[in-house]
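Visitor: What follows is a structure written as structure tokens; I'll ask about it next.
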Amino acid sequence: MGSQLQSIVLRAPGMHGLNFEGETYQESPIFAEVAENIAYDSAGRLTNRKGFNRLTTNHAASLGYEAIGTDGLATEVTAGFKGRVTITDTAHGQSTGDYVTISGASADNGITAVQFNQRFVLTKVDADSYRVYTGGTATSAAAAGGAAIKAKYEPKIDTLFMYNYSGGQRLLSVSGYGANTIYEDTSPFNDFTAADASLTIANTRPQFVNFNDKCIATNLGTALLQKTGANAFATISAASGSVPTGGIVHSAFGRLWAQKSHTGTSQNVIAYSALLGETHWTTGAGELDTMGTASAVKDGFDELVAISSFDHYLVAFLRNSIIIYNNPDDPSNIGLEQIVQGIGCTAKDSIQAIGKDLYFLSSTGIRSLRQTVYSGNRADLTEISTLVRREFLTDVATAPTDLRSNYDPEEGQYWVKSPGGNIWVFDMHSLDQNVPIRVTKYDGTGWDSFAYFEGETYIGSRGMIGKYDGYTDDSPALSTEYICTWRSNPADLGTSKLKFLKKLTTTIEGTTSDVVYLTYAFSEGGTGEVPFTLSQNNAFNRQSGLTVGDPAEWGSSNWAVDEWGGSSTIAFNLAASISQSGRTFKIGVRFASNGFKIAVEQLSLFMKLGREGR
């Protein structure tokens, strides 16, 4: 008699996220070896990440958007280069491999307007010109394009910061476009103007903080800068003492805490201002020498990397040590709470306050600093990137000081963007303390920097500002879809017996235009994928689609708001017959995110178990 068909049900597949470390073979396929552009919703279901919802339009004052002179395009008739166009733009600031979008050019010299007005990869000729390759064929070598030509470059937006003052909010950016210039938007997300007046900005990324209804910024090697209201930045003039000149600043407990200098012994001194007094650095102010207890820090000497705070403590992050100070709200009585040796911070921009905790990048990965007060006072430092340690550290090791981070409490996500562009996502939706924080990865985004403000994560990408919303990427082109992929680590169901896969069933929520591919692979080589079209007429569909609320809670509206009603999706129960076998297998899903949320609720594998391995 043949063995009975057995069912393996995966509720919320992939619920534990990536796992590259330790024993990656597992009894049930719950950890992932691939989780790209995958997120988890509040129900723990595997979904597509949200997208880049562009807020910036091609305004004349947008970053990277500028006019080209009349007939600034030059066509060629040289054999093999009849589609090549040389564009003259004085001090364009671009490099070979950068992108430019031409608009407003009229048809000329045998090349159509559509062929001119495209997004191109450019090849730099010199500081004032570059070449692009159109799909046209020029009939003459001459100037072309007319008088309305515009070029939209895609500068890297190094930093986003929401300057919050009593007259309103201004988004600031530091961009590679117009080197070492601080920009602000005078019209939300569109009209960017230089906000640094005649100042010379150091060739390092400034650090910004809100303080006393002003925006304070570092300018390495010179005194701190301040911006009041809609005015431009200006150097702070000291009313007492000397304004710090280092590259680190933090606002907490009614004071500024700044690196005194970036050179010499002063680089490890934290200067703090008077209460609500950014101009006073002796009167009502003072200093903390982090090397004042050199015998207690790692190797007797260390390097100040960042200053932060949490709960009622001030934290000095050194490269190989962490110093925690108590009573920072009363600096005359400030004292050492604890010194942690051997663990420090390697990138100041990795630090994010998460509730009463701080996440940061150490030499061994992302850690969580939680101060638990015992009779002996000690810090509990938990590493949260353990399951992806080696691959993660390799990704950020090239230039850890260039990474970016973000924390969105509504999404429950902490992001770390590596210099290479991958965004590592540490998802904290789970309420199960025994389950490690889930890690996924967003790839191919082109996102540069982030700023969380009042319930939204804002993103700088290719010279534009957008927010984390929707399910397409509007950068560089509107409604660009992206591929979401999840695949499990190898699983053996806790037995070495042969497994004969007979059928796959799944419950997926989405729209009738979506297609989800279920993939499978056995160690012996049998692989395949099944396309599930989310349609009630799908040949694989064994049941009708069921309308479910998303976010409708009861399926009816009340008080003309969507708390009780609103949009809906359809839950599809789909099935397909499979014929593959092996001792270990992987299961996965792949789909394109093209505007709507897709949620994988459940996967069921129907198998027969064969003989034991010999």
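Going through the structure tokens in order, the chains are called A, B, and so on, while each chain numbers its residues from 1 and the ligands are numbered from 1 in the order shown.
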So which residues touch A:Gly72 within 8 Å, counting only C-alpha atoms, skipping near sequence neighbours fewer than 4 positions away, as a short mmCIF file (atom, residue, chain, number, x, y, z; two decimals) with all heavy atoms, in the first residue's frame?

Guide:
```cif
data_model
loop_
_atom_site.label_atom_id
_atom_site.label_comp_id
_atom_site.auth_asym_id
_atom_site.auth_seq_id
_atom_site.Cartn_x
_atom_site.Cartn_y
_atom_site.Cartn_z
N ILE A 68 19.59 74.28 -20.87
CA ILE A 68 20.71 74.19 -21.80
C ILE A 68 20.56 75.34 -22.80
O ILE A 68 19.44 75.69 -23.18
CB ILE A 68 20.71 72.84 -22.55
CG1 ILE A 68 20.75 71.68 -21.56
CG2 ILE A 68 21.88 72.75 -23.53
CD1 ILE A 68 22.01 71.60 -20.73
N ILE A 87 26.46 67.38 -25.94
CA ILE A 87 25.67 68.39 -25.25
C ILE A 87 26.62 69.33 -24.51
O ILE A 87 27.48 68.87 -23.75
CB ILE A 87 24.68 67.74 -24.27
CG1 ILE A 87 23.73 66.82 -25.04
CG2 ILE A 87 23.91 68.80 -23.49
CD1 ILE A 87 22.79 66.03 -24.15
N THR A 88 26.45 70.61 -24.72
CA THR A 88 27.27 71.61 -24.06
C THR A 88 26.52 72.17 -22.86
O THR A 88 25.41 72.68 -23.00
CB THR A 88 27.63 72.76 -25.02
OG1 THR A 88 28.37 72.23 -26.12
CG2 THR A 88 28.47 73.81 -24.32
N ASP A 89 27.13 72.03 -21.70
CA ASP A 89 26.55 72.56 -20.45
C ASP A 89 27.71 72.94 -19.54
O ASP A 89 28.38 72.08 -18.98
CB ASP A 89 25.65 71.51 -19.78
CG ASP A 89 24.98 72.05 -18.53
OD1 ASP A 89 25.01 73.28 -18.30
OD2 ASP A 89 24.42 71.23 -17.77
N ALA A 143 24.57 72.25 -34.89
CA ALA A 143 23.87 72.51 -33.63
C ALA A 143 22.39 72.21 -33.82
O ALA A 143 21.84 72.36 -34.92
CB ALA A 143 24.08 73.95 -33.20
N ALA A 144 21.74 71.80 -32.72
CA ALA A 144 20.35 71.37 -32.84
C ALA A 144 19.62 71.55 -31.51
O ALA A 144 20.22 71.82 -30.48
CB ALA A 144 20.30 69.90 -33.28
N GLY A 145 18.29 71.37 -31.57
CA GLY A 145 17.49 71.27 -30.35
C GLY A 145 16.59 72.43 -30.05
O GLY A 145 15.65 72.29 -29.27
N GLY A 146 16.88 73.62 -30.56
CA GLY A 146 16.04 74.77 -30.28
C GLY A 146 16.39 75.49 -29.00
O GLY A 146 17.44 75.29 -28.40
N ILE A 149 15.59 73.67 -24.49
CA ILE A 149 16.19 72.41 -24.02
C ILE A 149 16.44 72.47 -22.52
O ILE A 149 17.00 73.46 -22.01
CB ILE A 149 17.52 72.12 -24.75
CG1 ILE A 149 17.34 72.25 -26.26
CG2 ILE A 149 18.02 70.73 -24.39
CD1 ILE A 149 18.65 72.25 -27.01
#
```

Visitor: Can you pull out every residue within 6 Å of A:Asp473, counting only C-alpha atoms, but drop anything in the same chain fewer than 2 positions away, and send it as a ChimeraX atom specification?

Guide: /A:51-52,475,479-480

Visitor: Determine which residues of stretch 181-314 of chain A receive a DSSP assignment of strand (DSSP E or B), computed from the backbone, and state them as a PyMOL selection string.

Guide: chain A and resi 181-187+191-194+208-211+214-219+222-228+234-235+240+249-252+255-259+269-272+274+277+280+286-289+304-310+313-314

Visitor: Counting only C-alpha atoms, what is within 6 Å of stretch 220-229 of chain A, bar same-chain residues fewer than 6 positions away, as a short mmCIF file (atom, residue, chain, number, x, y, z; two decimals) with N, CA and C atoms, in the first residue's frame?

Guide:
```cif
data_model
loop_
_atom_site.label_atom_id
_atom_site.label_comp_id
_atom_site.auth_asym_id
_atom_site.auth_seq_id
_atom_site.Cartn_x
_atom_site.Cartn_y
_atom_site.Cartn_z
N ALA A 202 32.81 72.27 4.17
CA ALA A 202 33.88 71.27 4.11
C ALA A 202 33.43 70.08 3.29
N LYS A 214 16.10 76.51 15.96
CA LYS A 214 17.10 76.74 14.91
C LYS A 214 17.57 75.39 14.39
N THR A 235 27.79 81.17 10.45
CA THR A 235 28.64 80.66 11.51
C THR A 235 28.20 81.22 12.85
N ILE A 236 28.14 80.36 13.85
CA ILE A 236 27.77 80.81 15.20
C ILE A 236 28.92 81.62 15.78
N VAL A 243 33.24 78.23 20.04
CA VAL A 243 32.27 77.32 19.43
C VAL A 243 33.00 76.10 18.89
N PRO A 244 32.55 74.89 19.17
CA PRO A 244 33.22 73.68 18.69
C PRO A 244 33.36 73.64 17.16
N THR A 245 34.41 72.97 16.71
CA THR A 245 34.72 72.89 15.27
C THR A 245 34.77 71.46 14.76
N GLY A 246 34.34 70.50 15.56
CA GLY A 246 34.38 69.10 15.14
C GLY A 246 33.26 68.74 14.19
N GLY A 247 33.15 67.47 13.88
CA GLY A 247 32.15 67.00 12.92
C GLY A 247 31.00 66.26 13.54
#
```

Visitor: Excluding A:Ser106 and any residue of its chain fewer than 3 positions from it, enumerate the residues within 12 Å of it, using only C-alpha atoms, and give them as a VMD selection string.

Guide: chain A and resid 70 to 73 102 to 103 109 to 117 143 to 150

Visitor: For A:Val100, which residue among A:Gly463, A:Glu456, A:Asn594, A:Tyr165 is the nearest when counting only C-alpha atoms?

Guide: A:Gly463

Visitor: Work out how far apart atom CA of A:Ser175 and atom CA of A:Ala353 are and give it in Å to one decimal.

Guide: 25.0 Å

Visitor: Please report the interatomic distance between atom CA of A:Thr193 and atom CA of A:Asn180 in Å with one decimal.

Guide: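 Distance between the two atoms: 13.3 Å.
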
Visitor: Write out as a ChimeraX atom specification the set of residues from stretch 201-402 of chain A that DSSP, computed on the backbone, places in helix (DSSP H, G or I).

Guide: /A:264-268,294-296,298-300,331-333,348-350,386-396,400-402

Visitor: I need the residue nearest A:Ile351 from this list: A:Phe211, A:Phe81, A:Tyr414, A:Phe161. Use only C-alpha atoms for the distance.

Guide: A:Tyr414

Visitor: Hey, which of A:Tyr452, A:Tyr272, A:Phe585, A:Tyr163 ends up closest to A:Asp213? Count only C-alpha atoms.

Guide: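 For A:Asp213, the nearest of the candidates is A:Tyr163.
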
Visitor: Name the residues in contact with A:Ser309 at a cut-off of 12 Å, using only C-alpha atoms, excluding same-chain residues fewer than 6 positions from it; report them as an mmCIF file with all heavy atoms, in the first residue's frame.

Guide:
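Now in selection.cif:
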```
data_model
loop_
_atom_site.group_PDB
_atom_site.id
_atom_site.type_symbol
_atom_site.label_atom_id
_atom_site.label_comp_id
_atom_site.auth_asym_id
_atom_site.auth_seq_id
_atom_site.Cartn_x
_atom_site.Cartn_y
_atom_site.Cartn_z
ATOM 1 N N VAL A 249 27.682 66.511 16.404
ATOM 2 C CA VAL A 249 26.841 67.347 17.253
ATOM 3 C C VAL A 249 25.578 66.576 17.612
ATOM 4 O O VAL A 249 25.089 65.752 16.839
ATOM 5 C CB VAL A 249 26.497 68.687 16.557
ATOM 6 C CG1 VAL A 249 25.603 68.459 15.337
ATOM 7 C CG2 VAL A 249 25.863 69.671 17.530
ATOM 8 N N HIS A 250 25.078 66.833 18.805
ATOM 9 C CA HIS A 250 23.852 66.184 19.284
ATOM 10 C C HIS A 250 23.084 67.180 20.126
ATOM 11 O O HIS A 250 23.668 67.983 20.863
ATOM 12 C CB HIS A 250 24.203 64.950 20.117
ATOM 13 C CG HIS A 250 23.000 64.192 20.622
ATOM 14 N ND1 HIS A 250 22.103 63.597 19.778
ATOM 15 C CD2 HIS A 250 22.553 63.952 21.889
ATOM 16 C CE1 HIS A 250 21.149 63.001 20.492
ATOM 17 N NE2 HIS A 250 21.397 63.208 21.768
ATOM 18 N N SER A 251 21.760 67.156 20.001
ATOM 19 C CA SER A 251 20.883 68.039 20.761
ATOM 20 C C SER A 251 20.072 67.208 21.741
ATOM 21 O O SER A 251 19.330 66.310 21.333
ATOM 22 C CB SER A 251 19.950 68.793 19.804
ATOM 23 O OG SER A 251 18.988 69.531 20.525
ATOM 24 N N ALA A 252 20.246 67.495 23.050
ATOM 25 C CA ALA A 252 19.508 66.747 24.073
ATOM 26 C C ALA A 252 19.588 67.487 25.394
ATOM 27 O O ALA A 252 20.561 68.227 25.654
ATOM 28 C CB ALA A 252 20.081 65.334 24.238
ATOM 29 N N PHE A 253 18.588 67.310 26.225
ATOM 30 C CA PHE A 253 18.561 67.867 27.579
ATOM 31 C C PHE A 253 18.720 69.388 27.561
ATOM 32 O O PHE A 253 19.293 69.982 28.469
ATOM 33 C CB PHE A 253 19.645 67.219 28.454
ATOM 34 C CG PHE A 253 19.686 65.728 28.354
ATOM 35 C CD1 PHE A 253 20.729 65.092 27.700
ATOM 36 C CD2 PHE A 253 18.659 64.954 28.882
ATOM 37 C CE1 PHE A 253 20.770 63.714 27.581
ATOM 38 C CE2 PHE A 253 18.679 63.577 28.773
ATOM 39 C CZ PHE A 253 19.736 62.941 28.119
ATOM 40 N N ARG A 255 20.526 71.259 25.593
ATOM 41 C CA ARG A 255 21.867 71.746 25.275
ATOM 42 C C ARG A 255 22.370 71.115 23.985
ATOM 43 O O ARG A 255 21.856 70.099 23.522
ATOM 44 C CB ARG A 255 22.845 71.413 26.404
ATOM 45 C CG ARG A 255 22.462 71.969 27.763
ATOM 46 C CD ARG A 255 23.390 71.452 28.856
ATOM 47 N NE ARG A 255 22.898 71.832 30.177
ATOM 48 C CZ ARG A 255 23.212 72.970 30.803
ATOM 49 N NH1 ARG A 255 24.047 73.814 30.219
ATOM 50 N NH2 ARG A 255 22.711 73.253 31.991
ATOM 51 N N LEU A 256 23.400 71.750 23.429
ATOM 52 C CA LEU A 256 24.154 71.142 22.346
ATOM 53 C C LEU A 256 25.351 70.421 22.934
ATOM 54 O O LEU A 256 26.021 70.932 23.832
ATOM 55 C CB LEU A 256 24.649 72.208 21.356
ATOM 56 C CG LEU A 256 23.604 72.872 20.466
ATOM 57 C CD1 LEU A 256 24.250 73.985 19.640
ATOM 58 C CD2 LEU A 256 22.921 71.848 19.559
ATOM 59 N N TRP A 257 25.626 69.212 22.418
ATOM 60 C CA TRP A 257 26.776 68.420 22.823
ATOM 61 C C TRP A 257 27.578 68.171 21.555
ATOM 62 O O TRP A 257 27.089 67.541 20.616
ATOM 63 C CB TRP A 257 26.336 67.107 23.464
ATOM 64 C CG TRP A 257 25.331 67.292 24.573
ATOM 65 C CD1 TRP A 257 23.995 67.521 24.438
ATOM 66 C CD2 TRP A 257 25.587 67.280 25.983
ATOM 67 N NE1 TRP A 257 23.393 67.641 25.665
ATOM 68 C CE2 TRP A 257 24.344 67.496 26.636
ATOM 69 C CE3 TRP A 257 26.734 67.084 26.755
ATOM 70 C CZ2 TRP A 257 24.218 67.539 28.013
ATOM 71 C CZ3 TRP A 257 26.611 67.121 28.137
ATOM 72 C CH2 TRP A 257 25.380 67.346 28.758
ATOM 73 N N VAL A 315 25.199 59.391 25.863
ATOM 74 C CA VAL A 315 26.048 58.288 25.419
ATOM 75 C C VAL A 315 27.124 58.820 24.487
ATOM 76 O O VAL A 315 26.823 59.500 23.501
ATOM 77 C CB VAL A 315 25.228 57.207 24.693
ATOM 78 C CG1 VAL A 315 26.129 56.039 24.299
ATOM 79 C CG2 VAL A 315 24.083 56.721 25.565
ATOM 80 N N ALA A 316 28.378 58.518 24.820
ATOM 81 C CA ALA A 316 29.501 58.807 23.935
ATOM 82 C C ALA A 316 29.908 57.501 23.274
ATOM 83 O O ALA A 316 30.374 56.574 23.942
ATOM 84 C CB ALA A 316 30.663 59.408 24.718
ATOM 85 N N PHE A 317 29.708 57.423 21.954
ATOM 86 C CA PHE A 317 30.107 56.237 21.210
ATOM 87 C C PHE A 317 31.527 56.430 20.704
ATOM 88 O O PHE A 317 31.787 57.312 19.883
ATOM 89 C CB PHE A 317 29.175 55.990 20.025
ATOM 90 C CG PHE A 317 27.842 55.401 20.400
ATOM 91 C CD1 PHE A 317 26.716 56.201 20.507
ATOM 92 C CD2 PHE A 317 27.710 54.038 20.629
ATOM 93 C CE1 PHE A 317 25.483 55.655 20.839
ATOM 94 C CE2 PHE A 317 26.489 53.486 20.963
ATOM 95 C CZ PHE A 317 25.368 54.293 21.071
ATOM 96 N N ILE A 322 32.044 52.349 24.772
ATOM 97 C CA ILE A 322 30.842 53.163 24.927
ATOM 98 C C ILE A 322 30.847 53.722 26.343
ATOM 99 O O ILE A 322 31.000 52.970 27.308
ATOM 100 C CB ILE A 322 29.565 52.342 24.699
ATOM 101 C CG1 ILE A 322 29.565 51.730 23.287
ATOM 102 C CG2 ILE A 322 28.321 53.207 24.891
ATOM 103 C CD1 ILE A 322 28.434 50.760 23.045
ATOM 104 N N ILE A 323 30.701 55.031 26.456
ATOM 105 C CA ILE A 323 30.675 55.675 27.768
ATOM 106 C C ILE A 323 29.268 56.218 28.003
ATOM 107 O O ILE A 323 28.742 56.976 27.182
ATOM 108 C CB ILE A 323 31.706 56.810 27.870
ATOM 109 C CG1 ILE A 323 33.106 56.280 27.548
ATOM 110 C CG2 ILE A 323 31.681 57.441 29.256
ATOM 111 C CD1 ILE A 323 34.177 57.358 27.544
ATOM 112 N N ILE A 324 28.667 55.823 29.104
ATOM 113 C CA ILE A 324 27.309 56.247 29.451
ATOM 114 C C ILE A 324 27.387 57.173 30.657
ATOM 115 O O ILE A 324 27.943 56.821 31.695
ATOM 116 C CB ILE A 324 26.420 55.025 29.754
ATOM 117 C CG1 ILE A 324 26.388 54.081 28.535
ATOM 118 C CG2 ILE A 324 25.003 55.462 30.111
ATOM 119 C CD1 ILE A 324 25.688 52.765 28.806
ATOM 120 N N TYR A 325 26.831 58.390 30.485
ATOM 121 C CA TYR A 325 26.860 59.400 31.546
ATOM 122 C C TYR A 325 25.460 59.557 32.135
ATOM 123 O O TYR A 325 24.461 59.590 31.400
ATOM 124 C CB TYR A 325 27.308 60.753 30.994
ATOM 125 C CG TYR A 325 28.728 60.785 30.465
ATOM 126 C CD1 TYR A 325 28.991 60.578 29.118
ATOM 127 C CD2 TYR A 325 29.805 61.051 31.306
ATOM 128 C CE1 TYR A 325 30.286 60.619 28.615
ATOM 129 C CE2 TYR A 325 31.109 61.097 30.817
ATOM 130 C CZ TYR A 325 31.338 60.876 29.474
ATOM 131 O OH TYR A 325 32.621 60.926 28.995
ATOM 132 N N ASN A 326 25.416 59.727 33.470
ATOM 133 C CA ASN A 326 24.137 60.000 34.125
ATOM 134 C C ASN A 326 24.004 61.491 34.441
ATOM 135 O O ASN A 326 24.963 62.255 34.338
ATOM 136 C CB ASN A 326 23.970 59.158 35.388
ATOM 137 C CG ASN A 326 25.124 59.356 36.367
ATOM 138 O OD1 ASN A 326 25.687 60.446 36.486
ATOM 139 N ND2 ASN A 326 25.492 58.288 37.074
ATOM 140 N N ASN A 327 22.819 61.933 34.796
ATOM 141 C CA ASN A 327 22.509 63.319 35.157
ATOM 142 C C ASN A 327 22.894 64.343 34.092
ATOM 143 O O ASN A 327 23.361 65.439 34.424
ATOM 144 C CB ASN A 327 23.201 63.695 36.477
ATOM 145 C CG ASN A 327 22.737 62.851 37.640
ATOM 146 O OD1 ASN A 327 21.548 62.555 37.770
ATOM 147 N ND2 ASN A 327 23.672 62.428 38.478
ATOM 148 N N PRO A 328 22.712 64.074 32.798
ATOM 149 C CA PRO A 328 23.090 65.076 31.803
ATOM 150 C C PRO A 328 22.197 66.316 31.822
ATOM 151 O O PRO A 328 22.568 67.351 31.266
ATOM 152 C CB PRO A 328 22.952 64.317 30.480
ATOM 153 C CG PRO A 328 21.941 63.264 30.759
ATOM 154 C CD PRO A 328 22.168 62.857 32.173
ATOM 155 N N ASP A 329 21.024 66.202 32.442
ATOM 156 C CA ASP A 329 20.171 67.379 32.544
ATOM 157 C C ASP A 329 20.665 68.338 33.616
ATOM 158 O O ASP A 329 20.172 69.458 33.734
ATOM 159 C CB ASP A 329 18.722 66.969 32.830
ATOM 160 C CG ASP A 329 18.602 66.019 34.015
ATOM 161 O OD1 ASP A 329 19.640 65.501 34.467
ATOM 162 O OD2 ASP A 329 17.473 65.794 34.473
ATOM 163 N N ILE A 351 23.242 55.257 13.935
ATOM 164 C CA ILE A 351 22.559 55.331 15.231
ATOM 165 C C ILE A 351 21.127 55.818 15.051
ATOM 166 O O ILE A 351 20.875 56.860 14.440
ATOM 167 C CB ILE A 351 23.318 56.265 16.187
ATOM 168 C CG1 ILE A 351 24.736 55.735 16.427
ATOM 169 C CG2 ILE A 351 22.573 56.414 17.510
ATOM 170 C CD1 ILE A 351 25.616 56.683 17.212
ATOM 171 N N GLN A 352 20.188 55.044 15.585
ATOM 172 C CA GLN A 352 18.781 55.423 15.579
ATOM 173 C C GLN A 352 18.176 55.142 16.945
ATOM 174 O O GLN A 352 18.416 54.088 17.529
ATOM 175 C CB GLN A 352 18.006 54.643 14.518
ATOM 176 C CG GLN A 352 18.364 54.988 13.085
ATOM 177 C CD GLN A 352 17.904 56.370 12.670
ATOM 178 O OE1 GLN A 352 16.946 56.916 13.241
ATOM 179 N NE2 GLN A 352 18.571 56.951 11.693
ATOM 180 N N ALA A 353 17.407 56.109 17.443
ATOM 181 C CA ALA A 353 16.686 55.921 18.699
ATOM 182 C C ALA A 353 15.415 55.124 18.414
ATOM 183 O O ALA A 353 14.601 55.522 17.582
ATOM 184 C CB ALA A 353 16.337 57.261 19.318
ATOM 185 N N ILE A 354 15.271 53.998 19.100
ATOM 186 C CA ILE A 354 14.116 53.129 18.923
ATOM 187 C C ILE A 354 13.500 52.915 20.298
ATOM 188 O O ILE A 354 13.969 52.107 21.091
ATOM 189 C CB ILE A 354 14.528 51.799 18.266
ATOM 190 C CG1 ILE A 354 15.151 52.080 16.883
ATOM 191 C CG2 ILE A 354 13.343 50.848 18.153
ATOM 192 C CD1 ILE A 354 15.662 50.863 16.173
ATOM 193 N N GLY A 355 12.457 53.676 20.579
ATOM 194 C CA GLY A 355 11.889 53.666 21.923
ATOM 195 C C GLY A 355 12.920 54.122 22.933
ATOM 196 O O GLY A 355 13.543 55.169 22.783
ATOM 197 N N LYS A 356 13.139 53.323 23.961
ATOM 198 C CA LYS A 356 14.166 53.616 24.959
ATOM 199 C C LYS A 356 15.428 52.821 24.681
ATOM 200 O O LYS A 356 16.129 52.387 25.588
ATOM 201 C CB LYS A 356 13.635 53.322 26.361
ATOM 202 C CG LYS A 356 12.511 54.255 26.796
ATOM 203 C CD LYS A 356 12.096 53.994 28.238
ATOM 204 C CE LYS A 356 11.025 54.973 28.683
ATOM 205 N NZ LYS A 356 10.614 54.745 30.098
ATOM 206 N N ASP A 357 15.725 52.660 23.409
ATOM 207 C CA ASP A 357 16.856 51.863 22.983
ATOM 208 C C ASP A 357 17.602 52.619 21.897
ATOM 209 O O ASP A 357 17.079 53.581 21.307
ATOM 210 C CB ASP A 357 16.361 50.515 22.454
ATOM 211 C CG ASP A 357 17.442 49.448 22.422
ATOM 212 O OD1 ASP A 357 18.607 49.778 22.712
ATOM 213 O OD2 ASP A 357 17.115 48.294 22.102
ATOM 214 N N LEU A 358 18.821 52.211 21.616
ATOM 215 C CA LEU A 358 19.601 52.741 20.509
ATOM 216 C C LEU A 358 20.136 51.578 19.693
ATOM 217 O O LEU A 358 20.692 50.632 20.234
ATOM 218 C CB LEU A 358 20.783 53.581 21.012
ATOM 219 C CG LEU A 358 20.480 54.900 21.726
ATOM 220 C CD1 LEU A 358 21.771 55.531 22.234
ATOM 221 C CD2 LEU A 358 19.758 55.869 20.799
ATOM 222 N N TYR A 359 19.957 51.650 18.374
ATOM 223 C CA TYR A 359 20.575 50.698 17.459
ATOM 224 C C TYR A 359 21.779 51.379 16.832
ATOM 225 O O TYR A 359 21.731 52.567 16.504
ATOM 226 C CB TYR A 359 19.606 50.266 16.366
ATOM 227 C CG TYR A 359 18.609 49.204 16.772
ATOM 228 C CD1 TYR A 359 18.363 48.906 18.103
ATOM 229 C CD2 TYR A 359 17.886 48.506 15.818
ATOM 230 C CE1 TYR A 359 17.452 47.935 18.469
ATOM 231 C CE2 TYR A 359 16.959 47.539 16.168
ATOM 232 C CZ TYR A 359 16.749 47.255 17.502
ATOM 233 O OH TYR A 359 15.843 46.294 17.866
ATOM 234 N N LEU A 369 21.537 48.778 22.208
ATOM 235 C CA LEU A 369 22.022 49.176 23.524
ATOM 236 C C LEU A 369 20.824 49.379 24.446
ATOM 237 O O LEU A 369 20.014 50.266 24.254
ATOM 238 C CB LEU A 369 22.822 50.477 23.411
ATOM 239 C CG LEU A 369 23.261 51.122 24.725
ATOM 240 C CD1 LEU A 369 24.229 50.230 25.479
ATOM 241 C CD2 LEU A 369 23.891 52.482 24.479
ATOM 242 N N ARG A 370 20.723 48.538 25.442
ATOM 243 C CA ARG A 370 19.616 48.668 26.404
ATOM 244 C C ARG A 370 20.210 48.738 27.799
ATOM 245 O O ARG A 370 20.945 47.850 28.224
ATOM 246 C CB ARG A 370 18.663 47.477 26.297
ATOM 247 C CG ARG A 370 17.955 47.400 24.968
ATOM 248 C CD ARG A 370 17.033 46.210 24.907
ATOM 249 N NE ARG A 370 17.764 44.955 25.062
ATOM 250 C CZ ARG A 370 17.189 43.757 25.033
ATOM 251 N NH1 ARG A 370 15.891 43.660 24.887
ATOM 252 N NH2 ARG A 370 17.906 42.670 25.171
ATOM 253 N N GLN A 371 19.868 49.803 28.491
ATOM 254 C CA GLN A 371 20.402 49.989 29.835
ATOM 255 C C GLN A 371 19.454 49.345 30.840
ATOM 256 O O GLN A 371 18.331 49.787 31.022
ATOM 257 C CB GLN A 371 20.550 51.487 30.139
ATOM 258 C CG GLN A 371 21.114 51.795 31.504
ATOM 259 C CD GLN A 371 22.593 51.424 31.613
ATOM 260 O OE1 GLN A 371 23.244 51.210 30.605
ATOM 261 N NE2 GLN A 371 23.091 51.366 32.807
#
```

Visitor: So that I can check the surroundings of stretch 120-122 of chain A, please list as a list in words every protein, DNA and RNA residue that reaches within 10 Å of it, counting only C-alpha atoms and ignoring chain neighbours fewer than 6 positions away.

Guide: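 Skipping anything fewer than 6 positions along the chain leaves Thr86, Ile87, Gln94, Ser95, Thr96, Gly97, Asp98, Tyr99, Val100, Thr101, Ile102, Ser129, Tyr130, Arg131, Val132, Tyr133, Thr134 and Tyr153 of chain A.
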